[in-house]
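Student: Contents of query-v2.cif (mmCIF, C-alpha atoms) are below:
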data_upload
#
loop_
_atom_site.label_atom_id
_atom_site.label_comp_id
_atom_site.auth_asym_id
_atom_site.auth_seq_id
_atom_site.Cartn_x
_atom_site.Cartn_y
_atom_site.Cartn_z
CA MET A 11 47.08 106.38 119.75
CA PRO A 12 46.04 104.12 116.83
CA LEU A 13 48.56 103.43 114.11
CA THR A 14 47.81 103.26 110.41
CA GLU A 15 49.23 101.52 107.41
CA PRO A 16 52.06 103.37 105.63
CA GLU A 17 50.91 106.38 103.66
CA ALA A 18 51.42 106.63 99.94
CA ASP A 19 54.43 108.50 98.68
CA THR A 20 53.35 112.13 98.51
CA ALA A 21 56.53 113.54 97.03
CA THR A 22 56.09 115.80 94.06
CA GLY A 23 57.33 114.58 90.72
CA PRO A 24 57.73 111.01 89.47
CA PRO A 25 58.32 108.25 92.03
CA THR A 26 61.90 107.31 92.70
CA GLU A 27 62.61 103.71 91.63
CA SER A 28 66.20 103.70 92.89
CA LEU A 29 68.21 105.66 95.39
CA TRP A 30 70.70 106.37 92.60
CA GLN A 31 67.95 108.44 90.96
CA ASN A 32 67.18 110.31 94.18
CA ARG A 33 69.31 113.41 93.68
CA ASP A 34 68.55 114.97 97.05
CA PHE A 35 69.53 111.81 98.91
CA LEU A 36 72.76 111.66 96.87
CA LYS A 37 73.55 115.29 97.79
CA PHE A 38 72.93 114.53 101.47
CA TRP A 39 74.98 111.33 101.25
CA LEU A 40 77.96 113.10 99.64
CA GLY A 41 77.94 115.92 102.22
CA GLU A 42 77.72 113.53 105.14
CA THR A 43 80.45 111.27 103.72
CA LEU A 44 82.95 114.15 103.68
CA SER A 45 81.72 115.36 107.07
CA LEU A 46 82.24 111.91 108.58
CA LEU A 47 85.76 111.84 107.13
CA GLY A 48 86.55 115.15 108.82
CA THR A 49 85.08 113.90 112.09
CA GLN A 50 87.48 110.97 112.05
CA VAL A 51 90.37 113.42 111.76
CA THR A 52 89.09 115.25 114.85
CA ASN A 53 88.60 112.02 116.81
CA LEU A 54 92.35 111.35 116.58
CA ALA A 55 93.69 114.90 116.37
CA LEU A 56 91.86 116.23 119.44
CA PRO A 57 93.32 113.79 122.01
CA LEU A 58 96.71 113.97 120.30
CA THR A 59 96.56 117.76 120.66
CA ALA A 60 96.19 117.22 124.41
CA ILE A 61 98.95 114.62 124.54
CA TYR A 62 101.53 116.36 122.34
CA SER A 63 100.82 120.01 123.16
CA PHE A 64 100.11 119.78 126.91
CA ASP A 65 101.60 116.40 127.96
CA ALA A 66 98.11 115.36 129.09
CA THR A 67 97.87 112.50 131.58
CA ASP A 68 95.74 109.41 130.96
CA THR A 69 93.04 110.87 133.20
CA GLN A 70 93.04 114.18 131.32
CA VAL A 71 92.65 112.37 127.99
CA GLY A 72 89.79 110.37 129.50
CA VAL A 73 88.13 113.58 130.73
CA LEU A 74 88.56 115.13 127.27
CA ARG A 75 86.86 112.14 125.65
CA PHE A 76 84.14 112.25 128.30
CA LEU A 77 83.43 115.94 127.69
CA GLN A 78 83.15 115.33 123.94
CA LEU A 79 80.35 112.84 124.54
CA ALA A 80 78.84 114.00 127.86
CA PRO A 81 76.42 116.49 126.19
CA TYR A 82 74.57 113.48 124.79
CA ILE A 83 73.68 112.55 128.36
CA GLY A 84 72.45 115.98 129.37
CA PHE A 85 70.98 117.45 126.20
CA ALA A 86 69.99 114.77 123.67
CA LEU A 87 66.52 114.16 125.09
CA LEU A 88 65.68 117.87 125.37
CA PHE A 89 67.04 118.57 121.88
CA GLY A 90 65.02 115.63 120.55
CA VAL A 91 61.77 117.14 121.86
CA TRP A 92 62.55 120.47 120.19
CA VAL A 93 63.72 118.98 116.86
CA ASP A 94 60.46 117.01 116.55
CA ARG A 95 58.72 120.41 116.42
CA VAL A 96 60.77 122.03 113.62
CA ARG A 97 62.22 121.37 110.17
CA ARG A 98 65.34 119.28 110.64
CA ARG A 99 67.30 120.51 107.62
CA GLN A 100 67.54 124.02 109.05
CA VAL A 101 68.75 122.64 112.37
CA MET A 102 71.52 120.67 110.63
CA ILE A 103 72.67 123.69 108.64
CA TRP A 104 72.98 125.93 111.71
CA THR A 105 74.65 123.31 113.89
CA ASN A 106 77.26 122.64 111.21
CA LEU A 107 77.98 126.36 110.98
CA VAL A 108 78.55 126.37 114.75
CA ARG A 109 80.91 123.39 114.48
CA ILE A 110 82.91 125.15 111.76
CA VAL A 111 83.53 128.07 114.15
CA LEU A 112 84.32 125.94 117.20
CA ILE A 113 86.69 123.51 115.46
CA GLY A 114 88.33 126.29 113.46
CA ALA A 115 88.97 128.15 116.73
CA ILE A 116 91.41 125.47 117.95
CA PRO A 117 94.16 126.05 115.34
CA VAL A 118 93.58 129.82 115.51
CA LEU A 119 94.08 129.82 119.28
CA HIS A 120 97.09 127.54 118.82
CA TRP A 121 98.71 130.03 116.43
CA CYS A 122 97.95 132.87 118.87
CA HIS A 123 99.51 130.87 121.74
CA ALA A 124 96.16 131.14 123.56
CA LEU A 125 95.29 127.44 123.57
CA ASN A 126 95.63 125.52 126.84
CA MET A 127 94.11 122.40 128.36
CA PRO A 128 91.10 124.09 130.05
CA VAL A 129 90.22 125.92 126.81
CA LEU A 130 90.56 122.67 124.85
CA LEU A 131 88.20 120.92 127.29
CA VAL A 132 85.60 123.71 126.97
CA LEU A 133 85.80 123.61 123.17
CA ALA A 134 85.52 119.80 123.15
CA CYS A 135 82.36 119.98 125.24
CA SER A 136 80.90 122.76 123.05
CA ILE A 137 81.60 120.77 119.88
CA GLY A 138 79.90 117.82 121.55
CA MET A 139 76.76 119.92 122.22
CA ALA A 140 76.55 120.96 118.56
CA SER A 141 77.06 117.34 117.52
CA VAL A 142 74.15 116.27 119.72
CA LEU A 143 71.80 118.66 117.97
CA PHE A 144 72.97 117.49 114.54
CA ASP A 145 72.76 113.80 115.40
CA VAL A 146 69.15 113.94 116.62
CA SER A 147 68.29 115.60 113.29
CA TRP A 148 70.08 113.74 110.50
CA MET A 149 68.74 110.22 111.04
CA PRO A 150 65.09 111.33 111.23
CA PHE A 151 65.71 113.47 108.12
CA VAL A 152 66.66 110.46 105.97
CA PRO A 153 63.05 109.15 105.68
CA THR A 154 62.08 112.63 104.41
CA LEU A 155 64.38 112.06 101.43
CA VAL A 156 63.85 108.27 101.18
CA LYS A 157 60.11 108.00 101.50
CA LYS A 158 59.67 104.31 100.75
CA PRO A 159 60.29 101.95 103.72
CA GLU A 160 61.60 99.28 101.35
CA HIS A 161 64.51 101.63 100.56
CA PHE A 162 65.47 102.20 104.20
CA VAL A 163 67.92 99.28 104.33
CA ALA A 164 69.61 100.41 101.11
CA ALA A 165 69.83 104.01 102.33
CA ASN A 166 71.23 102.98 105.71
CA ALA A 167 73.67 100.64 103.99
CA LYS A 168 74.97 103.56 101.91
CA MET A 169 75.32 105.72 105.02
CA GLY A 170 77.08 102.77 106.65
CA VAL A 171 79.50 102.54 103.73
CA SER A 172 80.28 106.23 104.20
CA SER A 173 80.84 105.79 107.91
CA SER A 174 83.08 102.78 107.37
CA ALA A 175 84.96 104.41 104.49
CA SER A 176 85.67 107.40 106.73
CA ASP A 177 86.83 104.98 109.42
CA VAL A 178 89.26 103.54 106.89
CA ALA A 179 90.57 106.79 105.42
CA GLY A 180 90.11 109.10 108.42
CA PRO A 181 92.65 107.73 110.94
CA GLY A 182 95.35 107.31 108.30
CA LEU A 183 94.68 110.80 106.95
CA ALA A 184 94.64 112.15 110.51
CA GLY A 185 97.96 110.49 111.30
CA VAL A 186 99.60 112.01 108.23
CA LEU A 187 98.07 115.44 108.84
CA VAL A 188 99.14 115.45 112.49
CA SER A 189 102.67 114.47 111.47
CA VAL A 190 102.89 117.18 108.81
CA LEU A 191 100.76 120.02 110.22
CA THR A 192 100.67 119.27 114.01
CA ALA A 193 97.51 118.06 115.74
CA PRO A 194 95.76 121.43 116.25
CA VAL A 195 96.20 122.54 112.62
CA ALA A 196 94.97 119.17 111.31
CA LEU A 197 91.55 120.05 112.72
CA LEU A 198 91.09 122.55 109.87
CA VAL A 199 90.27 119.56 107.64
CA ASP A 200 87.24 118.77 109.79
CA ALA A 201 86.11 122.40 109.71
CA PHE A 202 86.27 122.36 105.91
CA SER A 203 84.28 119.10 105.76
CA TYR A 204 81.41 120.83 107.57
CA VAL A 205 81.50 123.60 104.95
CA VAL A 206 80.83 120.92 102.32
CA SER A 207 78.04 119.45 104.45
CA VAL A 208 76.34 122.84 104.78
CA THR A 209 76.56 123.36 101.01
CA SER A 210 75.01 119.95 100.28
CA LEU A 211 72.12 120.64 102.68
CA LEU A 212 71.46 124.02 101.06
CA LEU A 213 71.21 122.33 97.64
CA ILE A 214 68.49 119.87 98.74
CA ARG A 215 65.13 120.69 97.15
CA THR A 216 62.84 118.07 98.73
CA ARG A 217 60.14 119.86 100.69
CA GLU A 218 60.24 119.07 104.38
CA GLU A 219 56.84 119.53 105.96
CA ARG A 220 56.70 121.45 109.20
CA PRO A 221 55.71 119.00 111.97
CA VAL A 222 52.16 119.35 113.26
CA PRO A 223 52.49 120.91 116.72
CA PRO A 224 50.85 119.08 119.64
CA ALA A 225 47.64 120.54 121.00
CA LYS A 226 49.49 121.48 124.17
CA ARG A 227 53.25 121.74 124.23
CA HIS A 228 54.81 120.36 127.37
CA VAL A 229 58.50 119.52 127.25
CA LEU A 230 58.51 116.98 130.07
CA ARG A 231 55.42 115.19 128.75
CA GLU A 232 56.84 115.01 125.23
CA LEU A 233 60.17 113.83 126.62
CA ARG A 234 58.42 111.13 128.62
CA ASP A 235 56.47 110.05 125.53
CA GLY A 236 59.76 109.53 123.69
CA LEU A 237 61.22 107.48 126.53
CA ASP A 238 58.03 105.43 126.79
CA TRP A 239 58.09 104.74 123.07
CA VAL A 240 61.57 103.24 123.30
CA PHE A 241 61.40 101.41 126.62
CA ARG A 242 57.88 99.97 126.29
CA ARG A 243 58.73 98.23 123.02
CA PRO A 244 60.96 95.16 123.45
CA ILE A 245 62.84 95.55 120.15
CA LEU A 246 63.77 99.19 120.76
CA ARG A 247 64.46 98.61 124.47
CA TRP A 248 66.93 95.80 123.83
CA LEU A 249 68.59 97.64 120.95
CA ALA A 250 69.12 100.61 123.27
CA LEU A 251 70.48 98.65 126.24
CA VAL A 252 72.81 96.44 124.19
CA GLY A 253 73.89 99.52 122.23
CA PHE A 254 74.85 101.26 125.48
CA CYS A 255 77.07 98.32 126.46
CA CYS A 256 78.64 98.06 122.99
CA ASN A 257 79.48 101.75 122.84
CA PHE A 258 80.89 101.66 126.38
CA SER A 259 83.09 98.75 125.36
CA MET A 260 84.25 100.23 122.04
CA ILE A 261 85.15 103.70 123.37
CA THR A 262 86.81 102.21 126.46
CA VAL A 263 88.97 99.89 124.39
CA TRP A 264 89.71 102.57 121.76
CA THR A 265 90.82 105.11 124.39
CA MET A 266 92.80 102.57 126.39
CA PHE A 267 94.64 101.41 123.31
CA LEU A 268 95.37 105.02 122.29
CA LEU A 269 97.00 105.53 125.70
CA TYR A 270 98.70 102.12 125.67
CA GLY A 271 99.96 102.52 122.11
CA THR A 272 101.25 106.06 122.73
CA HIS A 273 102.85 105.65 126.14
CA ASP A 274 103.76 101.95 126.51
CA LEU A 275 104.33 100.78 122.93
CA GLU A 276 105.54 104.21 121.78
CA PHE A 277 103.70 104.00 118.46
CA SER A 278 103.87 107.22 116.39
CA SER A 279 100.71 109.10 115.38
CA SER A 280 101.06 107.81 111.81
CA THR A 281 101.34 104.20 113.08
CA LEU A 282 98.24 104.63 115.26
CA GLY A 283 96.37 106.13 112.32
CA ALA A 284 97.47 103.28 110.05
CA ILE A 285 96.29 100.66 112.56
CA PHE A 286 92.81 102.18 112.78
CA ALA A 287 92.65 102.78 109.02
CA VAL A 288 93.57 99.21 108.06
CA ALA A 289 91.32 97.77 110.77
CA SER A 290 88.42 99.88 109.56
CA VAL A 291 88.48 98.09 106.22
CA GLY A 292 86.44 95.50 108.14
CA GLY A 293 83.72 98.06 108.73
CA LEU A 294 83.75 99.06 105.06
CA ILE A 295 83.45 95.42 103.98
CA GLY A 296 80.60 94.90 106.43
CA ALA A 297 78.70 97.99 105.24
CA VAL A 298 79.20 97.14 101.55
CA LEU A 299 77.96 93.59 102.03
CA SER A 300 75.23 94.41 104.57
CA SER A 301 72.33 94.62 102.09
CA ARG A 302 73.23 91.25 100.54
CA VAL A 303 73.80 89.62 103.92
CA ILE A 304 70.49 90.93 105.30
CA ALA A 305 68.63 89.79 102.17
CA ARG A 306 70.13 86.29 102.34
CA PHE A 307 70.13 85.45 106.04
CA PRO A 308 67.54 85.86 108.83
CA LEU A 309 67.76 89.31 110.39
CA GLY A 310 68.01 88.34 114.08
CA PRO A 311 70.74 85.68 113.83
CA THR A 312 72.73 88.01 111.54
CA TYR A 313 72.47 90.76 114.17
CA PHE A 314 73.59 88.31 116.89
CA VAL A 315 76.64 87.08 114.97
CA CYS A 316 77.75 90.61 114.02
CA GLN A 317 77.35 92.03 117.53
CA THR A 318 79.17 89.03 118.98
CA ALA A 319 82.10 89.69 116.62
CA LEU A 320 82.14 93.29 117.84
CA LEU A 321 82.09 92.30 121.51
CA LEU A 322 84.75 89.57 121.27
CA GLY A 323 87.19 91.66 119.21
CA PRO A 324 88.89 93.22 122.30
CA VAL A 325 89.90 89.74 123.50
CA VAL A 326 92.43 89.59 120.65
CA ILE A 327 94.14 92.77 121.92
CA VAL A 328 94.77 91.38 125.40
CA LEU A 329 96.19 88.17 123.91
CA ALA A 330 98.57 90.12 121.66
CA GLY A 331 102.27 89.89 122.41
CA GLY A 332 105.71 89.80 120.81
CA PRO A 333 107.61 92.42 118.80
CA LYS A 334 106.00 95.72 117.81
CA PRO A 335 105.08 94.60 114.26
CA VAL A 336 103.33 91.51 115.64
CA MET A 337 101.54 93.59 118.26
CA ALA A 338 100.41 96.06 115.60
CA ALA A 339 99.13 93.21 113.38
CA LEU A 340 97.15 91.56 116.20
CA VAL A 341 95.65 94.84 117.36
CA THR A 342 94.68 95.61 113.77
CA LEU A 343 93.01 92.19 113.55
CA SER A 344 91.07 92.91 116.74
CA PHE A 345 89.71 96.21 115.46
CA PHE A 346 89.07 94.63 112.06
CA ILE A 347 86.78 92.04 113.66
CA THR A 348 85.04 94.73 115.71
CA TYR A 349 84.42 97.02 112.74
CA LEU A 350 83.34 94.14 110.48
CA GLY A 351 80.57 93.23 112.90
CA LEU A 352 79.65 96.86 113.41
CA GLY A 353 79.40 97.50 109.66
CA VAL A 354 76.54 95.02 109.23
CA ALA A 355 74.94 95.43 112.67
CA ASN A 356 74.55 99.20 112.32
CA VAL A 357 72.47 98.86 109.15
CA ILE A 358 70.16 96.39 110.90
CA ILE A 359 69.88 98.55 114.02
CA VAL A 360 69.09 101.82 112.22
CA SER A 361 66.59 100.13 109.88
CA LEU A 362 64.77 98.54 112.84
CA ARG A 363 64.62 101.88 114.63
CA GLN A 364 63.20 103.63 111.57
CA VAL A 365 60.48 101.08 110.76
CA THR A 366 59.30 100.79 114.39
CA THR A 367 58.95 104.56 114.97
CA PRO A 368 56.56 107.10 113.37
CA GLN A 369 57.93 110.39 112.04
CA SER A 370 56.32 112.39 114.86
CA MET A 371 58.42 110.45 117.39
CA MET A 372 61.56 109.96 115.32
CA SER A 373 63.81 112.67 116.82
CA ARG A 374 62.81 111.78 120.38
CA MET A 375 63.51 108.11 119.71
CA THR A 376 66.85 109.06 118.14
CA ALA A 377 67.62 111.31 121.12
CA CYS A 378 66.92 108.49 123.55
CA PHE A 379 69.30 106.22 121.65
CA ARG A 380 71.91 108.95 121.36
CA THR A 381 71.72 109.55 125.11
CA LEU A 382 72.39 105.88 125.83
CA LEU A 383 74.87 105.21 123.04
CA PHE A 384 77.00 108.29 123.50
CA GLY A 385 76.43 108.24 127.24
CA GLY A 386 77.99 104.78 127.17
CA GLY A 387 80.82 106.18 125.06
CA ALA A 388 81.35 109.13 127.41
CA LEU A 389 81.49 106.87 130.45
CA GLY A 390 83.77 104.52 128.51
CA GLY A 391 86.24 107.31 127.75
CA LEU A 392 86.26 108.47 131.37
CA THR A 393 86.58 104.90 132.67
CA ALA A 394 89.45 104.25 130.28
CA GLY A 395 91.45 107.20 131.59
CA LEU A 396 90.79 106.54 135.27
CA LEU A 397 91.33 102.78 135.05
CA SER A 398 94.50 103.14 132.97
CA ASP A 399 95.91 105.55 135.53
CA ALA A 400 94.97 103.20 138.39
CA VAL A 401 96.12 99.80 137.10
CA GLY A 402 98.00 100.55 133.87
CA ALA A 403 96.70 100.50 130.30
CA ARG A 404 97.50 96.79 129.77
CA ASN A 405 95.54 95.62 132.82
CA ALA A 406 92.75 98.06 132.02
CA LEU A 407 92.43 96.50 128.57
CA ILE A 408 92.00 93.06 130.16
CA VAL A 409 89.15 94.36 132.36
CA ALA A 410 87.48 95.96 129.32
CA ALA A 411 87.77 92.77 127.25
CA VAL A 412 86.13 90.67 130.00
CA PHE A 413 83.23 93.14 130.31
CA SER A 414 82.78 93.21 126.55
CA ALA A 415 82.64 89.42 126.28
CA ALA A 416 80.08 89.25 129.10
CA VAL A 417 77.62 91.37 127.08
CA VAL A 418 77.18 88.43 124.69
CA VAL A 419 74.86 86.94 127.32
CA ALA A 420 72.51 89.91 126.89
CA LEU A 421 72.54 89.31 123.13
CA MET A 422 71.34 85.76 123.72
CA LEU A 423 68.36 87.06 125.70
CA SER A 424 67.44 89.84 123.25
CA PRO A 425 64.27 89.38 121.16
CA VAL A 426 66.09 91.16 118.33
CA SER A 427 68.27 88.07 117.91
CA ARG A 428 65.11 86.02 117.15
CA LEU A 429 63.70 88.24 114.39
CA ARG A 430 63.43 86.73 110.92
CA SER A 431 62.89 89.98 109.01
CA LEU A 432 62.03 93.67 109.45
CA PRO A 433 58.63 94.24 111.12
CA PRO A 434 55.94 96.20 109.25
CA PRO A 435 56.62 99.97 109.30
CA VAL A 436 54.82 102.07 111.92
CA THR A 437 53.47 105.43 110.78
CA ASP A 438 51.53 108.33 112.23
CA PRO A 439 47.75 108.15 112.00
CA VAL A 440 46.15 110.03 109.12
CA PRO A 441 44.02 112.90 110.48
CA ALA A 442 40.32 112.24 109.99
CA ASP A 443 38.53 114.36 107.39
CA PRO A 444 36.22 116.94 108.96
CA ALA A 445 32.59 115.90 108.88
#
Could you render the structure from this file as structure tokens?
Tutor:
Amino acid sequence: MPLTEPEADTATGPPTESLWQNRDFLKFWLGETLSLLGTQVTNLALPLTAIYSFDATDTQVGVLRFLQLAPYIGFALLFGVWVDRVRRRQVMIWTNLVRIVLIGAIPVLHWCHALNMPVLLVLACSIGMASVLFDVSWMPFVPTLVKKPEHFVAANAKMGVSSSASDVAGPGLAGVLVSVLTAPVALLVDAFSYVVSVTSLLLIRTREERPVPPAKRHVLRELRDGLDWVFRRPILRWLALVGFCCNFSMITVWTMFLLYGTHDLEFSSSTLGAIFAVASVGGLIGAVLSSRVIARFPLGPTYFVCQTALLLGPVVIVLAGGPKPVMAALVTLSFFITYLGLGVANVIIVSLRQVTTPQSMMSRMTACFRTLLFGGGALGGLTAGLLSDAVGARNALIVAAVFSAAVVVALMLSPVSRLRSLPPPVTDPVPADPA
């Protein structure tokens, strides 16, 4: 299928010169910022609910983490095919409403003494399924609001700041909420954040065109087209494969340390939250500086340095020793390095994905990435639980750090590391005028 030059901005009204003048993007950004903050509360409160309420074993916590992310493996590609056929804003509204009900059900069941480990596992998996549908929708929706490719980096940098800011505030907030309210009740904060997200989406006025349906709809063929688009293009293929390894490493290390810090080091929930909050300042710094860094330095080498920082961060954890305060400081440094690299790298990765994919393929491309990224995370969570049970959390962390460092070799081979700047944007062909 031939590709054309980027189309002119067809939005109604005067052209937007700055994202700060794009009211609909600002509404979306605000809603997602609060939603991401609530998600961070859930990420800590959900496993702590299992640990504190049901004395969950390491394996059970690993299975819980796996079930949260496993739907990305089984459903992301199918959801991506469907979302490419419909208006994405409506999908996001309905999936957030579903997440409000599912997450709100956990404290309600807790109060009714009807919550147990099997029910928690089912709810975690159901929340994961709703998250899959939302995630294959929001990233492709951003270019609908930010129509100019030259604004993609700035938009993704702002979303990255939100993600990193939630990483900073979320764990600390979660630790305090769990201490004061108990882990199940703390999840109400996440449910409320999705209420705000739904409201912000309802206030958006930018018209989202209904996608042009294919001449013949065939799920498997459309799914295969999405996979082909990613894996037949070297930049997207290497981003996907390295991303799988990075997510596997990060979730493995995160889960292992949660188990190690809770059981071996006997850190309180507030201490764990504080470690992740302080460490996440690195991600916030990276996201804030990402636009300037990308503008000043070549894109590929910047990506390589940032991903290397992410992958070598776990080495610091395994070298940590001494009294608890020293251990906490070194672990915080490790996660700081990881999040700092991630803060810049994510902006580069998302911008590359957006400029190398036309709108008609965007959700399927996103679904393919989500399958690999969150599939890596799901396997990482499961591996963390099983390996920690088998050899102990400390030894498991050493294995994870060695694997993470080995991925740097793949970064050296990646063509992404040799890019100097963003490639020209790829768009859908303009339909020919009838004769």
Student: Would you mind telling me which residue in A:Val240, A:Ala134, A:Val195, A:Ala406 lies nearest to Gln78 in chain A when using all atoms listed in the file?
Tutor: A:Ala134
Student: With only C-alpha atoms counted, which protein, DNA or RNA residues have an atom no more than 12 Å from (93.4, 126.7, 117.9) in the file frame? Please answer as a ChimeraX atom specification.
Tutor: /A:55-56,59-60,63,111-127,129-130,133-134,192-198,201
Student: What lies within 8 Å of Val426 in chain A using all atoms listed in the file, ignoring chain neighbours under 5 positions off, as number ranges by chain?
Tutor: A: 245, 248-249, 310, 313
Student: Once the PyMOL selection byres ((chain A and resi 377) around 8) has been evaluated on this model, what residues remain selected, and can you format them as a VMD selection string?
Tutor: chain A and resid 86 to 87 89 to 90 146 373 to 376 378 to 381
Student: Check what the PyMOL selection byres ((chain A and resi 353) around 9) selects in the file above and give those residues as a PyMOL selection string.
Tutor: chain A and resi 167+170-171+173-174+292-300+316+348-352+354-357
Student: Within 12 Å of (83.0, 111.1, 106.6) (coordinates as in the file), grab all the protein and nucleic acid residues, counting only C-alpha atoms, and write them out as a ChimeraX atom specification.
Tutor: /A:38-53,168-181,183,199-200,202-204,206-207
Student: In Å, with one decimal, what is the gap from CA of Leu143 in chain A to CA of Tyr82 in chain A?
Tutor: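 The value is 9.0 Å.
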Student: Just want the 9 Å neighbourhood of Leu322 in chain A, counted on all atoms listed in the file, with same-chain residues fewer than 4 positions away dropped. Output as a PyMOL selection string.
Tutor: chain A and resi 317-318+326+344+347-348+411-412+414-415+418
Student: Run the PyMOL selection byres ((chain A and resi 433) around 8) on the file and write out the hits as a PyMOL selection string.
Tutor: chain A and resi 362+365-366+431-432+434-435
Student: Using only C-alpha atoms, I'd like a table of the residues in range 136-245 of chain A that come within 8 Å of range 268-280 of chain A; for each, show the closest atom pair and its distance in Å rounded to one decimal, ordered by chain and ascending number, as CSV.
Tutor:
residue,atom,partner,partner_atom,distance
A:Gly182,CA,A:Ser280,CA,6.7
A:Ala184,CA,A:Ser280,CA,7.9
A:Gly185,CA,A:Ser280,CA,4.1
A:Val186,CA,A:Ser280,CA,5.7
A:Val188,CA,A:Ser279,CA,7.2
A:Ser189,CA,A:Ser280,CA,6.9
Student: Compare A:Ile358, A:Leu343, A:Cys255, A:Arg363 by their minimum atom-to-atom distance to Val417 in chain A, counting all atoms listed in the file, and give me the closest one.
Tutor: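 The shortest atom-to-atom distance to Val417 in chain A comes from A:Cys255.
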Student: From the options A:Met371, A:Ala388, A:Val419, A:Thr265, which residue's atoms come nearest to Leu321 in chain A, counting all atoms listed in the file?
Tutor: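 For Leu321 in chain A, the nearest of the candidates is A:Val419.
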Student: So which residues touch Glu219 in chain A within 9 Å, counting all atoms listed in the file, skipping near sequence neighbours fewer than 5 positions away, as a list in words?
Tutor: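 So the residues in contact are Val96, Arg97 and Thr154 of chain A.
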Student: When you look at Phe151 in chain A with a cut-off of 8 Å (counting all atoms listed in the file), what residues show up, excluding the ones that are within fewer than 4 positions of it in the same chain? I need them as an mmCIF file with C-alpha atoms, in the frame of the given file.
Tutor:
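So the final result, stored in result.cif, reads:
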data_model
loop_
_atom_site.group_PDB
_atom_site.id
_atom_site.type_symbol
_atom_site.label_atom_id
_atom_site.label_comp_id
_atom_site.auth_asym_id
_atom_site.auth_seq_id
_atom_site.Cartn_x
_atom_site.Cartn_y
_atom_site.Cartn_z
ATOM 1 C CA ARG A 98 65.340 119.280 110.640
ATOM 2 C CA ARG A 99 67.300 120.510 107.620
ATOM 3 C CA SER A 147 68.290 115.600 113.290
ATOM 4 C CA LEU A 155 64.380 112.060 101.430
#
Student: Between A:Gln31, A:Ser427, A:Thr393, A:Thr105, which has the minimum distance to Ser259 in chain A (counting all atoms listed in the file)?
Tutor: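 Between A:Gln31, A:Ser427, A:Thr393, A:Thr105, the residue approaching Ser259 in chain A most closely is A:Thr393.
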Student: Choose the residue, out of A:Asn166, A:Arg247, A:Cys256, A:Val156, that has the smallest atom-to-atom separation from Glu218 in chain A; count all atoms listed in the file.
Tutor: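 Counting all atoms listed in the file, the residue closest to Glu218 in chain A is A:Val156.
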Student: Looking at A:Ser136, A:Ser28, A:Thr342, A:Thr209, which one is nearest to Met102 in chain A, with distances taken over only C-alpha atoms?
Tutor: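 Closest to Met102 in chain A, using only C-alpha atoms: A:Thr209.
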Student: What is the distance between CA of Ala140 in chain A and CA of Arg109 in chain A, in Å to one decimal?
Tutor: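 These two atoms are separated by 6.4 Å.
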Student: Would you work out the distance separating CA of Pro57 in chain A from CA of Pro81 in chain A, expressed in Å to one decimal?
Tutor: 17.6 Å
